[in-house]
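Asks: Before I ask anything, here is the structure I am working with.
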Amino acid sequence: MEFTWTDSLAAFEAAALWFVTTAAEVGDRWEKPGLGEWDVRSLVGHTSRSFVTVEAYLAKPPEQVDIESAPLYYAATRSIARGSGVAQRGRDAAQALGDDPAAAVAELGSRVTALVRRSTGDELMTTIAGGMRLRDYLPTRTFELVVHTCDLAVALGLPPASPGIAARQAMQLVTELLVDDARIGEALLALTGRGPLPPEFSVM
């Protein structure tokens with residue numbers, strides 16, 4: 001399935017709304033375990049960076065496009081994503097949300113969704129991997145919102161029921177990453193009940 005800009009915008013908006021509404025369910029559970037070494041607040045902070053980076057990167061248009069697709073972005077940033085700095089950036093983002101993280105997430109989501117809605121997808125932005133078009137970067141943010149809102153839902157005892165269009169785009173990106181890494185066979189066998197995935201299996 002090929003996603004048009006309209007599709008990608010709808011997927012991002014759906015994922016953003018799901019994250020905002022799930023964050024609103026936290027209540028007084030901000031210090032409970034979230035994911036790995038993160039508590040719920042840090043997990044929400046990390047996930048909120050899917051909004052923050054869109055806004056920040058669009059404010060710095062590059063002179064050229066260096067990364068031409070979402071899978072290439074993940075290939076270029078794999079070592080960064082596995083680095084120790086990710087956990088601290090999550091904690092820093094959590095602190096930046098202030099005394100009312102749920103309200104801050106809602107405001108961020110509203111502001112960035114409006115910004116993306118005003119865009120054509122052809123806007124250039126400077127990401128940590130280099131210059132990209134918004135239409136190629138946005139699916140990575142939808143993916144992050146879907147995956148980490150699933151994490152948040154599990155931490156809160158809620159069903160990880162991602163909106164359909166957002167889930168489809170996230171799964172399409174996972175499939176492309178698996179194909180690029182020649183690991184699609186292992187995933188297909190597991191998904192069709194042939195056996196478990198190998199330990200520590202990940203596309204990230």
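Each chain in the structure tokens gets a letter, A, B and so on, in the order shown; residues start at 1 in every chain, and ligands are counted from 1 in the order they appear.
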Need the shell around A:Val40: protein/DNA/RNA residues with any atom at most 8 Å away, counting only C-alpha atoms. Skip same-chain ones fewer than 2 positions apart. Format as JSON, numbers by chain?
Replies: {"A": [29, 30, 31, 32, 33, 34, 35, 38, 42, 43, 44, 152, 155]}
Asks: Among stretch 24-86 of chain A, which residues does DSSP mark as strand (DSSP E) when it is run on the backbone? Keep the chain and numbering as in the structure and answer as a ChimeraX atom specification.
Replies: /A:33-35,38-39
Asks: With N, CA and C atoms kept, could you save the residues just selected as a PDB file, in the first residue's frame?
Replies:
```
ATOM      1  N   PRO A  33       6.637   2.364  36.731  1.00  0.00           N
ATOM      2  CA  PRO A  33       7.499   1.879  35.649  1.00  0.00           C
ATOM      3  C   PRO A  33       6.850   2.091  34.278  1.00  0.00           C
ATOM      4  N   GLY A  34       7.662   2.565  33.342  1.00  0.00           N
ATOM      5  CA  GLY A  34       7.155   2.812  31.995  1.00  0.00           C
ATOM      6  C   GLY A  34       7.715   1.839  30.978  1.00  0.00           C
ATOM      7  N   LEU A  35       9.009   1.998  30.668  1.00  0.00           N
ATOM      8  CA  LEU A  35       9.676   1.133  29.688  1.00  0.00           C
ATOM      9  C   LEU A  35      11.158   1.112  30.025  1.00  0.00           C
ATOM     10  N   TRP A  38      12.975   3.849  32.079  1.00  0.00           N
ATOM     11  CA  TRP A  38      12.083   5.001  32.163  1.00  0.00           C
ATOM     12  C   TRP A  38      10.900   4.730  33.064  1.00  0.00           C
ATOM     13  N   ASP A  39      10.506   5.745  33.827  1.00  0.00           N
ATOM     14  CA  ASP A  39       9.187   5.711  34.446  1.00  0.00           C
ATOM     15  C   ASP A  39       8.174   6.223  33.427  1.00  0.00           C
TER      16      ASP A  39
END
```
Asks: Could you pull out the residues in stretch 4-98 of chain A that DSSP calls alpha helix (DSSP H) from the backbone, as number ranges by chain?
Replies: A: 5-23, 40-58, 70-81, 85-96
Asks: Grab the residues selected above and save them as a compact mmCIF listing (two decimals), in the first residue's frame with C-alpha atoms.
Replies:
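After the write, selection15.txt holds the following:
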```txt
# COMPACT_ATOMS: atom_id res chain seq x y z
CA TRP A 5 0.67 12.78 1.75
CA THR A 6 -3.01 12.91 2.70
CA ASP A 7 -2.75 9.35 4.07
CA SER A 8 0.42 10.15 6.01
CA LEU A 9 -1.15 13.26 7.48
CA ALA A 10 -4.21 11.28 8.57
CA ALA A 11 -2.00 8.57 10.09
CA PHE A 12 0.05 11.12 12.02
CA GLU A 13 -3.05 12.92 13.28
CA ALA A 14 -4.61 9.65 14.43
CA ALA A 15 -1.41 8.54 16.20
CA ALA A 16 -1.01 11.98 17.79
CA LEU A 17 -4.57 11.97 19.12
CA TRP A 18 -4.15 8.45 20.52
CA PHE A 19 -0.98 9.48 22.35
CA VAL A 20 -2.57 12.65 23.74
CA THR A 21 -5.66 10.81 24.98
CA THR A 22 -3.58 7.98 26.48
CA ALA A 23 -1.31 10.45 28.27
CA VAL A 40 5.86 6.68 32.85
CA ARG A 41 6.79 10.36 32.85
CA SER A 42 10.05 9.72 30.99
CA LEU A 43 8.28 7.43 28.50
CA VAL A 44 5.76 10.20 27.82
CA GLY A 45 8.61 12.71 27.55
CA HIS A 46 10.43 10.57 25.02
CA THR A 47 7.26 10.04 22.99
CA SER A 48 6.54 13.78 23.01
CA ARG A 49 9.75 14.27 21.05
CA SER A 50 7.82 13.01 18.03
CA PHE A 51 6.12 16.40 18.16
CA VAL A 52 9.12 18.44 19.24
CA THR A 53 11.45 17.22 16.49
CA VAL A 54 8.97 17.99 13.69
CA GLU A 55 8.70 21.57 14.86
CA ALA A 56 12.41 22.02 15.52
CA TYR A 57 13.62 20.36 12.31
CA LEU A 58 11.24 22.35 10.11
CA ALA A 70 11.79 6.66 6.30
CA PRO A 71 13.65 3.30 6.15
CA LEU A 72 16.85 5.10 5.16
CA TYR A 73 16.38 7.44 8.13
CA TYR A 74 16.28 4.48 10.51
CA ALA A 75 19.29 2.89 8.83
CA ALA A 76 21.22 6.14 9.28
CA THR A 77 20.21 6.62 12.93
CA ARG A 78 20.42 3.04 14.20
CA SER A 79 23.61 3.61 16.18
CA ILE A 80 22.21 6.79 17.70
CA ALA A 81 18.98 5.00 18.70
CA GLY A 85 21.95 9.30 25.25
CA VAL A 86 18.43 8.22 24.29
CA ALA A 87 17.43 7.45 27.87
CA GLN A 88 18.69 10.80 29.14
CA ARG A 89 16.95 12.70 26.34
CA GLY A 90 13.72 11.00 27.39
CA ARG A 91 14.21 12.16 30.97
CA ASP A 92 15.11 15.67 29.83
CA ALA A 93 12.00 15.80 27.63
CA ALA A 94 9.91 14.66 30.58
CA GLN A 95 11.20 17.53 32.70
CA ALA A 96 10.48 19.97 29.87
```
